[in-house]
file protein_7.txt (compact mmCIF, N, CA and C atoms)
# COMPACT_ATOMS: atom_id res chain seq x y z
N MET C 1 27.07 -18.38 16.83
CA MET C 1 27.94 -17.22 16.76
C MET C 1 28.30 -16.91 15.31
N ASP C 2 28.61 -15.66 15.07
CA ASP C 2 28.93 -15.20 13.74
C ASP C 2 30.41 -15.44 13.43
N LYS C 3 30.69 -16.46 12.67
CA LYS C 3 32.07 -16.83 12.34
C LYS C 3 32.69 -15.79 11.40
N GLN C 4 31.86 -14.93 10.79
CA GLN C 4 32.37 -13.96 9.83
C GLN C 4 33.11 -12.81 10.50
N LYS C 5 32.88 -12.57 11.76
CA LYS C 5 33.54 -11.44 12.41
C LYS C 5 35.03 -11.72 12.52
N LYS C 6 35.82 -10.71 12.12
CA LYS C 6 37.28 -10.84 12.11
C LYS C 6 37.87 -10.10 13.29
N ILE C 7 38.80 -10.76 13.97
CA ILE C 7 39.53 -10.12 15.06
C ILE C 7 41.02 -10.18 14.72
N LEU C 8 41.66 -9.02 14.78
CA LEU C 8 43.10 -8.96 14.57
C LEU C 8 43.78 -8.93 15.93
N LEU C 9 44.69 -9.88 16.17
CA LEU C 9 45.47 -9.95 17.41
C LEU C 9 46.87 -9.42 17.11
N VAL C 10 47.32 -8.45 17.91
CA VAL C 10 48.65 -7.89 17.71
C VAL C 10 49.43 -8.04 19.01
N ASP C 11 50.44 -8.92 18.99
CA ASP C 11 51.24 -9.19 20.18
C ASP C 11 52.56 -9.80 19.74
N ASP C 12 53.67 -9.37 20.34
CA ASP C 12 54.97 -9.90 19.96
C ASP C 12 55.28 -11.23 20.65
N ASP C 13 54.45 -11.64 21.59
CA ASP C 13 54.65 -12.90 22.32
C ASP C 13 53.90 -14.02 21.58
N GLU C 14 54.67 -14.89 20.91
CA GLU C 14 54.06 -15.94 20.09
C GLU C 14 53.22 -16.92 20.90
N ILE C 15 53.64 -17.21 22.12
CA ILE C 15 52.87 -18.13 22.97
C ILE C 15 51.52 -17.52 23.30
N HIS C 16 51.54 -16.26 23.68
CA HIS C 16 50.28 -15.58 23.99
C HIS C 16 49.40 -15.48 22.76
N LEU C 17 49.98 -15.15 21.61
CA LEU C 17 49.21 -15.07 20.36
C LEU C 17 48.51 -16.40 20.08
N SER C 18 49.24 -17.47 20.24
CA SER C 18 48.71 -18.80 19.96
C SER C 18 47.57 -19.16 20.93
N MET C 19 47.77 -18.87 22.22
CA MET C 19 46.73 -19.16 23.22
C MET C 19 45.47 -18.36 22.92
N LEU C 20 45.64 -17.10 22.62
CA LEU C 20 44.52 -16.22 22.34
C LEU C 20 43.78 -16.66 21.07
N GLU C 21 44.55 -17.02 20.07
CA GLU C 21 43.95 -17.50 18.82
C GLU C 21 43.10 -18.74 19.08
N ASN C 22 43.61 -19.66 19.90
CA ASN C 22 42.85 -20.88 20.21
C ASN C 22 41.55 -20.57 20.94
N ILE C 23 41.56 -19.57 21.81
CA ILE C 23 40.34 -19.19 22.53
C ILE C 23 39.31 -18.59 21.57
N LEU C 24 39.78 -17.76 20.66
CA LEU C 24 38.87 -16.99 19.81
C LEU C 24 38.44 -17.68 18.53
N LYS C 25 39.24 -18.63 18.03
CA LYS C 25 38.95 -19.18 16.70
C LYS C 25 37.67 -20.02 16.63
N GLU C 26 37.14 -20.42 17.80
CA GLU C 26 35.88 -21.15 17.78
C GLU C 26 34.73 -20.25 17.36
N LYS C 27 34.84 -18.95 17.64
CA LYS C 27 33.74 -18.02 17.38
C LYS C 27 34.03 -17.01 16.28
N TYR C 28 35.31 -16.76 16.01
CA TYR C 28 35.66 -15.67 15.11
C TYR C 28 36.74 -16.08 14.12
N GLU C 29 36.83 -15.33 13.04
CA GLU C 29 37.97 -15.47 12.14
C GLU C 29 39.09 -14.67 12.79
N VAL C 30 40.24 -15.30 13.00
CA VAL C 30 41.33 -14.67 13.73
C VAL C 30 42.52 -14.43 12.81
N ILE C 31 43.03 -13.20 12.86
CA ILE C 31 44.21 -12.83 12.11
C ILE C 31 45.26 -12.43 13.16
N THR C 32 46.51 -12.83 12.97
CA THR C 32 47.53 -12.49 13.96
C THR C 32 48.64 -11.67 13.31
N ALA C 33 49.21 -10.79 14.12
CA ALA C 33 50.38 -10.00 13.70
C ALA C 33 51.33 -9.95 14.88
N LYS C 34 52.62 -10.12 14.62
CA LYS C 34 53.61 -10.19 15.69
C LYS C 34 54.20 -8.83 16.04
N SER C 35 53.71 -7.77 15.39
CA SER C 35 54.20 -6.42 15.71
C SER C 35 53.20 -5.40 15.19
N GLY C 36 53.33 -4.18 15.70
CA GLY C 36 52.50 -3.10 15.20
C GLY C 36 52.75 -2.87 13.72
N LYS C 37 54.02 -2.96 13.32
CA LYS C 37 54.40 -2.76 11.91
C LYS C 37 53.72 -3.80 11.03
N ASP C 38 53.77 -5.08 11.44
CA ASP C 38 53.12 -6.14 10.66
C ASP C 38 51.62 -5.90 10.55
N ALA C 39 51.01 -5.48 11.65
CA ALA C 39 49.57 -5.22 11.66
C ALA C 39 49.22 -4.10 10.69
N LEU C 40 49.99 -3.02 10.72
CA LEU C 40 49.74 -1.89 9.82
C LEU C 40 49.92 -2.29 8.36
N GLU C 41 50.98 -3.04 8.07
CA GLU C 41 51.21 -3.49 6.69
C GLU C 41 50.03 -4.33 6.20
N TYR C 42 49.56 -5.21 7.06
CA TYR C 42 48.44 -6.08 6.70
C TYR C 42 47.17 -5.26 6.47
N LEU C 43 46.86 -4.36 7.39
CA LEU C 43 45.64 -3.57 7.32
C LEU C 43 45.65 -2.60 6.15
N LEU C 44 46.81 -2.10 5.78
CA LEU C 44 46.90 -1.16 4.65
C LEU C 44 46.61 -1.83 3.31
N LYS C 45 46.50 -3.15 3.32
CA LYS C 45 46.08 -3.87 2.11
C LYS C 45 44.56 -3.77 1.94
N GLY C 46 43.89 -3.12 2.92
CA GLY C 46 42.45 -2.91 2.80
C GLY C 46 41.61 -3.83 3.65
N VAL C 47 42.23 -4.64 4.49
CA VAL C 47 41.49 -5.54 5.36
C VAL C 47 40.91 -4.72 6.52
N VAL C 48 39.62 -4.91 6.80
CA VAL C 48 38.99 -4.19 7.90
C VAL C 48 38.43 -5.21 8.90
N PRO C 49 39.13 -5.41 10.02
CA PRO C 49 38.61 -6.34 11.03
C PRO C 49 37.45 -5.71 11.80
N ASN C 50 36.71 -6.52 12.52
CA ASN C 50 35.62 -6.01 13.36
C ASN C 50 36.15 -5.52 14.71
N LEU C 51 37.35 -6.00 15.07
CA LEU C 51 37.94 -5.66 16.37
C LEU C 51 39.44 -5.89 16.29
N ILE C 52 40.19 -5.06 17.02
CA ILE C 52 41.64 -5.24 17.11
C ILE C 52 42.00 -5.38 18.59
N LEU C 53 42.70 -6.46 18.93
CA LEU C 53 43.24 -6.66 20.28
C LEU C 53 44.72 -6.34 20.20
N LEU C 54 45.15 -5.34 20.98
CA LEU C 54 46.48 -4.77 20.82
C LEU C 54 47.27 -4.80 22.13
N ASP C 55 48.45 -5.40 22.07
CA ASP C 55 49.35 -5.39 23.23
C ASP C 55 50.02 -4.02 23.29
N ILE C 56 50.46 -3.61 24.46
CA ILE C 56 51.15 -2.32 24.59
C ILE C 56 52.66 -2.50 24.51
N LEU C 57 53.19 -3.48 25.24
CA LEU C 57 54.64 -3.66 25.32
C LEU C 57 55.17 -4.48 24.15
N MET C 58 55.56 -3.78 23.09
CA MET C 58 56.13 -4.44 21.92
C MET C 58 57.35 -3.63 21.47
N PRO C 59 58.37 -4.30 20.92
CA PRO C 59 59.57 -3.58 20.46
C PRO C 59 59.26 -2.73 19.22
N ASN C 60 60.08 -1.74 18.99
CA ASN C 60 60.01 -0.84 17.83
C ASN C 60 58.77 0.06 17.86
N LEU C 61 57.61 -0.50 17.61
CA LEU C 61 56.37 0.26 17.57
C LEU C 61 55.47 -0.28 18.68
N ASP C 62 55.37 0.47 19.79
CA ASP C 62 54.57 -0.05 20.90
C ASP C 62 53.07 0.11 20.62
N GLY C 63 52.27 -0.37 21.54
CA GLY C 63 50.82 -0.34 21.35
C GLY C 63 50.25 1.06 21.24
N TRP C 64 50.81 2.01 21.99
CA TRP C 64 50.31 3.40 21.92
C TRP C 64 50.56 3.98 20.53
N GLU C 65 51.79 3.79 20.02
CA GLU C 65 52.13 4.30 18.69
C GLU C 65 51.29 3.60 17.62
N THR C 66 51.12 2.29 17.77
CA THR C 66 50.32 1.53 16.81
C THR C 66 48.88 2.04 16.82
N PHE C 67 48.33 2.26 18.01
CA PHE C 67 46.96 2.79 18.14
C PHE C 67 46.83 4.10 17.36
N ASN C 68 47.78 5.02 17.57
CA ASN C 68 47.72 6.32 16.90
C ASN C 68 47.80 6.18 15.39
N LYS C 69 48.65 5.29 14.92
CA LYS C 69 48.78 5.07 13.47
C LYS C 69 47.50 4.44 12.90
N LEU C 70 46.89 3.52 13.65
CA LEU C 70 45.64 2.91 13.20
C LEU C 70 44.54 3.95 13.11
N ARG C 71 44.47 4.82 14.10
CA ARG C 71 43.43 5.86 14.12
C ARG C 71 43.61 6.88 12.98
N ALA C 72 44.82 6.98 12.45
CA ALA C 72 45.09 7.91 11.35
C ALA C 72 44.65 7.35 10.00
N ILE C 73 44.31 6.07 9.95
CA ILE C 73 43.87 5.44 8.70
C ILE C 73 42.34 5.55 8.64
N SER C 74 41.86 6.30 7.65
CA SER C 74 40.44 6.66 7.61
C SER C 74 39.50 5.45 7.66
N PHE C 75 39.79 4.39 6.92
CA PHE C 75 38.85 3.26 6.89
C PHE C 75 38.90 2.39 8.15
N LEU C 76 39.80 2.71 9.07
CA LEU C 76 39.88 1.95 10.33
C LEU C 76 39.38 2.75 11.53
N GLN C 77 38.95 3.98 11.32
CA GLN C 77 38.61 4.85 12.44
C GLN C 77 37.46 4.34 13.30
N ASP C 78 36.57 3.55 12.71
CA ASP C 78 35.43 3.04 13.49
C ASP C 78 35.66 1.64 14.06
N VAL C 79 36.83 1.06 13.80
CA VAL C 79 37.12 -0.29 14.30
C VAL C 79 37.49 -0.18 15.78
N PRO C 80 36.76 -0.88 16.66
CA PRO C 80 37.12 -0.83 18.09
C PRO C 80 38.48 -1.46 18.34
N ILE C 81 39.27 -0.78 19.17
CA ILE C 81 40.59 -1.28 19.54
C ILE C 81 40.60 -1.50 21.05
N VAL C 82 40.97 -2.73 21.44
CA VAL C 82 41.05 -3.10 22.85
C VAL C 82 42.51 -3.35 23.19
N PHE C 83 43.00 -2.68 24.22
CA PHE C 83 44.34 -2.99 24.69
C PHE C 83 44.25 -4.26 25.54
N LEU C 84 45.09 -5.24 25.22
CA LEU C 84 45.18 -6.49 25.96
C LEU C 84 46.63 -6.61 26.38
N THR C 85 46.92 -6.34 27.65
CA THR C 85 48.31 -6.11 28.04
C THR C 85 48.59 -6.53 29.48
N SER C 86 49.85 -6.65 29.80
CA SER C 86 50.25 -6.95 31.18
C SER C 86 50.47 -5.66 31.98
N VAL C 87 50.33 -4.51 31.33
CA VAL C 87 50.50 -3.21 32.00
C VAL C 87 49.25 -2.94 32.84
N VAL C 88 49.43 -2.84 34.15
CA VAL C 88 48.26 -2.72 35.05
C VAL C 88 48.13 -1.35 35.73
N GLU C 89 49.02 -0.42 35.45
CA GLU C 89 48.95 0.89 36.11
C GLU C 89 47.66 1.62 35.74
N SER C 90 47.01 2.20 36.74
CA SER C 90 45.73 2.88 36.49
C SER C 90 45.91 4.08 35.56
N THR C 91 47.08 4.70 35.57
CA THR C 91 47.31 5.83 34.66
C THR C 91 47.25 5.37 33.20
N GLU C 92 47.73 4.16 32.95
CA GLU C 92 47.70 3.64 31.58
C GLU C 92 46.27 3.27 31.17
N VAL C 93 45.50 2.74 32.10
CA VAL C 93 44.10 2.42 31.84
C VAL C 93 43.35 3.71 31.49
N GLU C 94 43.58 4.75 32.29
CA GLU C 94 42.95 6.06 32.04
C GLU C 94 43.36 6.61 30.69
N ARG C 95 44.64 6.50 30.38
CA ARG C 95 45.15 6.99 29.09
C ARG C 95 44.45 6.28 27.94
N ALA C 96 44.28 4.97 28.06
CA ALA C 96 43.63 4.19 27.00
C ALA C 96 42.19 4.67 26.78
N HIS C 97 41.48 4.90 27.86
CA HIS C 97 40.09 5.36 27.72
C HIS C 97 40.03 6.78 27.17
N GLU C 98 40.99 7.62 27.58
CA GLU C 98 41.02 9.01 27.09
C GLU C 98 41.24 9.09 25.59
N ILE C 99 42.05 8.18 25.05
CA ILE C 99 42.33 8.23 23.61
C ILE C 99 41.30 7.45 22.79
N GLY C 100 40.36 6.82 23.47
CA GLY C 100 39.26 6.19 22.73
C GLY C 100 39.33 4.69 22.56
N ALA C 101 40.12 4.02 23.38
CA ALA C 101 40.14 2.55 23.31
C ALA C 101 38.77 2.00 23.74
N ALA C 102 38.36 0.92 23.11
CA ALA C 102 37.06 0.31 23.42
C ALA C 102 37.07 -0.37 24.78
N ASP C 103 38.25 -0.86 25.20
CA ASP C 103 38.38 -1.54 26.49
C ASP C 103 39.86 -1.67 26.80
N TYR C 104 40.13 -2.09 28.03
CA TYR C 104 41.51 -2.30 28.50
C TYR C 104 41.47 -3.56 29.34
N ILE C 105 42.04 -4.62 28.83
CA ILE C 105 42.00 -5.92 29.51
C ILE C 105 43.42 -6.29 29.90
N THR C 106 43.60 -6.67 31.17
CA THR C 106 44.95 -7.01 31.62
C THR C 106 45.19 -8.51 31.62
N LYS C 107 46.44 -8.87 31.33
CA LYS C 107 46.88 -10.26 31.40
C LYS C 107 47.36 -10.51 32.82
N PRO C 108 47.18 -11.67 33.37
CA PRO C 108 46.39 -12.77 32.81
C PRO C 108 44.90 -12.44 32.92
N TYR C 109 44.15 -12.86 31.94
CA TYR C 109 42.72 -12.59 31.89
C TYR C 109 41.95 -13.88 32.10
N ASP C 110 40.70 -13.73 32.48
CA ASP C 110 39.81 -14.87 32.60
C ASP C 110 39.19 -15.12 31.22
N ARG C 111 39.26 -16.34 30.74
CA ARG C 111 38.79 -16.70 29.40
C ARG C 111 37.35 -16.24 29.16
N ASN C 112 36.44 -16.57 30.09
CA ASN C 112 35.03 -16.22 29.91
C ASN C 112 34.81 -14.71 29.95
N ASP C 113 35.53 -14.04 30.85
CA ASP C 113 35.42 -12.58 30.92
C ASP C 113 35.89 -11.96 29.60
N LEU C 114 36.99 -12.45 29.07
CA LEU C 114 37.52 -11.96 27.81
C LEU C 114 36.49 -12.13 26.70
N LEU C 115 35.93 -13.32 26.57
CA LEU C 115 34.94 -13.59 25.53
C LEU C 115 33.70 -12.71 25.69
N ASN C 116 33.24 -12.54 26.92
CA ASN C 116 32.07 -11.69 27.17
C ASN C 116 32.33 -10.24 26.80
N ARG C 117 33.50 -9.75 27.14
CA ARG C 117 33.83 -8.35 26.85
C ARG C 117 33.96 -8.12 25.34
N ILE C 118 34.55 -9.08 24.66
CA ILE C 118 34.68 -8.98 23.19
C ILE C 118 33.28 -9.01 22.56
N GLU C 119 32.46 -9.93 23.01
CA GLU C 119 31.10 -10.07 22.49
C GLU C 119 30.31 -8.76 22.68
N LYS C 120 30.44 -8.18 23.84
CA LYS C 120 29.73 -6.93 24.15
C LYS C 120 30.15 -5.81 23.19
N ILE C 121 31.45 -5.71 22.92
CA ILE C 121 31.96 -4.67 22.03
C ILE C 121 31.48 -4.92 20.60
N LEU C 122 31.52 -6.16 20.17
CA LEU C 122 31.12 -6.49 18.80
C LEU C 122 29.62 -6.32 18.57
N ASN C 123 28.85 -6.37 19.62
CA ASN C 123 27.40 -6.25 19.47
C ASN C 123 26.87 -4.84 19.74
N LYS C 124 27.77 -3.88 19.91
CA LYS C 124 27.34 -2.49 20.15
C LYS C 124 26.71 -1.92 18.91
call {"tool": "encode", "arguments": {"input": "protein_7.txt", "output": "C-alpha cells"}}
result
Amino acid sequence: MDKQKKILLVDDDEIHLSMLENILKEKYEVITAKSGKDALEYLLKGVVPNLILLDILMPNLDGWETFNKLRAISFLQDVPIVFLTSVVESTEVERAHEIGAADYITKPYDRNDLLNRIEKILNK
C-alpha cells in the first residue's frame, strides 16, 4: 500500500478519532483535526490531503459548513470528501451526494468496508 497518501480525519469525538486513526495508519499517513475550524486552519497552511473524512455533528462549525468552506479553497477543490457520521437520515445522504461528497459512511461502520471504500475513492 502507498503510505504516502494522506487522509485528514475531522471529528470532535477524540475516542472515534483515535480508533479511526489506528485503523488507517497502517496504510496511510493520518492527520487529525478535532473541529472544522482546526481542519481549515491546518489546510490553509498549504497541506493537500488525498482524502478528507468529515463528521457532520460538530460544535461551532458543523460538517456541512466545513464542507462548503473546504470547497471554496481553490487548491482543495479536487480533494474527495467523505462524510463519516452517525447521521443516518436518507435526506442527509441525498444532500451529501447532491453537493458532491465522494461517499457517505455511517457510524458504526465495518472496518473492512470502510477500508475498501476509502481505497476505491483513492484509486479513482
call {"tool": "closest_residue", "arguments": {"input": "protein_7.txt", "among": "C:Glu65, C:Glu21, C:Glu98, C:Glu14", "to": "Gly36 in chain C", "atoms": "only C-alpha atoms"}}
result
C:Glu65
call {"tool": "residues_near_point", "arguments": {"input": "protein_7.txt", "point": "(50.6, 4.5, 18.3)", "cutoff": "12 Å", "atoms": "only C-alpha atoms", "output": "PyMOL selection string"}}
result
chain C and resi 35-37+39-40+54-58+60-73+81+83+96+99+101
call {"tool": "closest_residue", "arguments": {"input": "protein_7.txt", "among": "C:Lys45, C:Ile118, C:Glu94, C:Thr32", "to": "Ile15 in chain C", "atoms": "only C-alpha atoms"}}
result
C:Thr32
call {"tool": "atom_distance", "arguments": {"input": "protein_7.txt", "atom1": "atom N of Gly46 in chain C", "atom2": "atom N of Glu29 in chain C"}}
result
17.4 Å
call {"tool": "select_by_dssp", "arguments": {"input": "protein_7.txt", "residues": "chain C", "states": "alpha helix (DSSP H)", "output": "ChimeraX atom specification"}}
result
/C:14-24,36-43,63-71,90-98,111-122
call {"tool": "atom_distance", "arguments": {"input": "protein_7.txt", "atom1": "CA of Val10 in chain C", "atom2": "atom C of Lys34 in chain C"}}
result
5.9 Å
call {"tool": "select_by_dssp", "arguments": {"input": "protein_7.txt", "residues": "range 29-80 of chain C", "states": "strand (DSSP E)", "output": "list in words"}}
result
Glu29, Val30, Ile31, Thr32, Ala33, Leu51, Ile52, Leu53 and Leu54 of chain C
call {"tool": "write_last_selection", "arguments": {"input": "protein_7.txt", "atoms": "N, CA and C atoms", "output": "short mmCIF file (atom, residue, chain, number, x, y, z; two decimals), keeping the file's coordinate frame"}}
result
data_model
loop_
_atom_site.label_atom_id
_atom_site.label_comp_id
_atom_site.auth_asym_id
_atom_site.auth_seq_id
_atom_site.Cartn_x
_atom_site.Cartn_y
_atom_site.Cartn_z
N GLU C 29 36.83 -15.33 13.04
CA GLU C 29 37.97 -15.47 12.14
C GLU C 29 39.09 -14.67 12.79
N VAL C 30 40.24 -15.30 13.00
CA VAL C 30 41.33 -14.67 13.73
C VAL C 30 42.52 -14.43 12.81
N ILE C 31 43.03 -13.20 12.86
CA ILE C 31 44.21 -12.83 12.11
C ILE C 31 45.26 -12.43 13.16
N THR C 32 46.51 -12.83 12.97
CA THR C 32 47.53 -12.49 13.96
C THR C 32 48.64 -11.67 13.31
N ALA C 33 49.21 -10.79 14.12
CA ALA C 33 50.38 -10.00 13.70
C ALA C 33 51.33 -9.95 14.88
N LEU C 51 37.35 -6.00 15.07
CA LEU C 51 37.94 -5.66 16.37
C LEU C 51 39.44 -5.89 16.29
N ILE C 52 40.19 -5.06 17.02
CA ILE C 52 41.64 -5.24 17.11
C ILE C 52 42.00 -5.38 18.59
N LEU C 53 42.70 -6.46 18.93
CA LEU C 53 43.24 -6.66 20.28
C LEU C 53 44.72 -6.34 20.20
N LEU C 54 45.15 -5.34 20.98
CA LEU C 54 46.48 -4.77 20.82
C LEU C 54 47.27 -4.80 22.13
#
call {"tool": "atom_distance", "arguments": {"input": "protein_7.txt", "atom1": "atom C of Glu26 in chain C", "atom2": "CA of Gln77 in chain C"}}
result
25.9 Å
call {"tool": "residues_near_point", "arguments": {"input": "protein_7.txt", "point": "(43.1, -12.0, 16.3)", "cutoff": "8 Å", "atoms": "all atoms listed in the file", "output": "mmCIF file with N, CA and C atoms, in the frame of the given file"}}
result
data_model
loop_
_atom_site.group_PDB
_atom_site.id
_atom_site.type_symbol
_atom_site.label_atom_id
_atom_site.label_comp_id
_atom_site.auth_asym_id
_atom_site.auth_seq_id
_atom_site.Cartn_x
_atom_site.Cartn_y
_atom_site.Cartn_z
ATOM 1 N N LYS C 6 35.820 -10.710 12.120
ATOM 2 C CA LYS C 6 37.280 -10.840 12.110
ATOM 3 C C LYS C 6 37.870 -10.100 13.290
ATOM 4 N N ILE C 7 38.800 -10.760 13.970
ATOM 5 C CA ILE C 7 39.530 -10.120 15.060
ATOM 6 C C ILE C 7 41.020 -10.180 14.720
ATOM 7 N N LEU C 8 41.660 -9.020 14.780
ATOM 8 C CA LEU C 8 43.100 -8.960 14.570
ATOM 9 C C LEU C 8 43.780 -8.930 15.930
ATOM 10 N N LEU C 9 44.690 -9.880 16.170
ATOM 11 C CA LEU C 9 45.470 -9.950 17.410
ATOM 12 C C LEU C 9 46.870 -9.420 17.110
ATOM 13 N N VAL C 10 47.320 -8.450 17.910
ATOM 14 C CA VAL C 10 48.650 -7.890 17.710
ATOM 15 C C VAL C 10 49.430 -8.040 19.010
ATOM 16 N N LEU C 17 49.980 -15.150 21.610
ATOM 17 C CA LEU C 17 49.210 -15.070 20.360
ATOM 18 C C LEU C 17 48.510 -16.400 20.080
ATOM 19 N N LEU C 20 45.640 -17.100 22.620
ATOM 20 C CA LEU C 20 44.520 -16.220 22.340
ATOM 21 C C LEU C 20 43.780 -16.660 21.070
ATOM 22 N N GLU C 21 44.550 -17.020 20.070
ATOM 23 C CA GLU C 21 43.950 -17.500 18.820
ATOM 24 C C GLU C 21 43.100 -18.740 19.080
ATOM 25 N N LEU C 24 39.780 -17.760 20.660
ATOM 26 C CA LEU C 24 38.870 -16.990 19.810
ATOM 27 C C LEU C 24 38.440 -17.680 18.530
ATOM 28 N N LYS C 25 39.240 -18.630 18.030
ATOM 29 C CA LYS C 25 38.950 -19.180 16.700
ATOM 30 C C LYS C 25 37.670 -20.020 16.630
ATOM 31 N N TYR C 28 35.310 -16.760 16.010
ATOM 32 C CA TYR C 28 35.660 -15.670 15.110
ATOM 33 C C TYR C 28 36.740 -16.080 14.120
ATOM 34 N N GLU C 29 36.830 -15.330 13.040
ATOM 35 C CA GLU C 29 37.970 -15.470 12.140
ATOM 36 C C GLU C 29 39.090 -14.670 12.790
ATOM 37 N N VAL C 30 40.240 -15.300 13.000
ATOM 38 C CA VAL C 30 41.330 -14.670 13.730
ATOM 39 C C VAL C 30 42.520 -14.430 12.810
ATOM 40 N N ILE C 31 43.030 -13.200 12.860
ATOM 41 C CA ILE C 31 44.210 -12.830 12.110
ATOM 42 C C ILE C 31 45.260 -12.430 13.160
ATOM 43 N N THR C 32 46.510 -12.830 12.970
ATOM 44 C CA THR C 32 47.530 -12.490 13.960
ATOM 45 C C THR C 32 48.640 -11.670 13.310
ATOM 46 N N ALA C 33 49.210 -10.790 14.120
ATOM 47 C CA ALA C 33 50.380 -10.000 13.700
ATOM 48 C C ALA C 33 51.330 -9.950 14.880
ATOM 49 N N LEU C 51 37.350 -6.000 15.070
ATOM 50 C CA LEU C 51 37.940 -5.660 16.370
ATOM 51 C C LEU C 51 39.440 -5.890 16.290
ATOM 52 N N ILE C 52 40.190 -5.060 17.020
ATOM 53 C CA ILE C 52 41.640 -5.240 17.110
ATOM 54 C C ILE C 52 42.000 -5.380 18.590
ATOM 55 N N LEU C 53 42.700 -6.460 18.930
ATOM 56 C CA LEU C 53 43.240 -6.660 20.280
ATOM 57 C C LEU C 53 44.720 -6.340 20.200
#
call {"tool": "closest_residue", "arguments": {"input": "protein_7.txt", "among": "C:Val88, C:Leu44, C:Leu115, C:Val93", "to": "Leu76 in chain C", "atoms": "only C-alpha atoms"}}
result
C:Leu44
call {"tool": "closest_residue", "arguments": {"input": "protein_7.txt", "among": "C:Ile23, C:Leu122, C:Val79, C:Leu84", "to": "Tyr104 in chain C", "atoms": "all atoms listed in the file"}}
result
C:Leu84
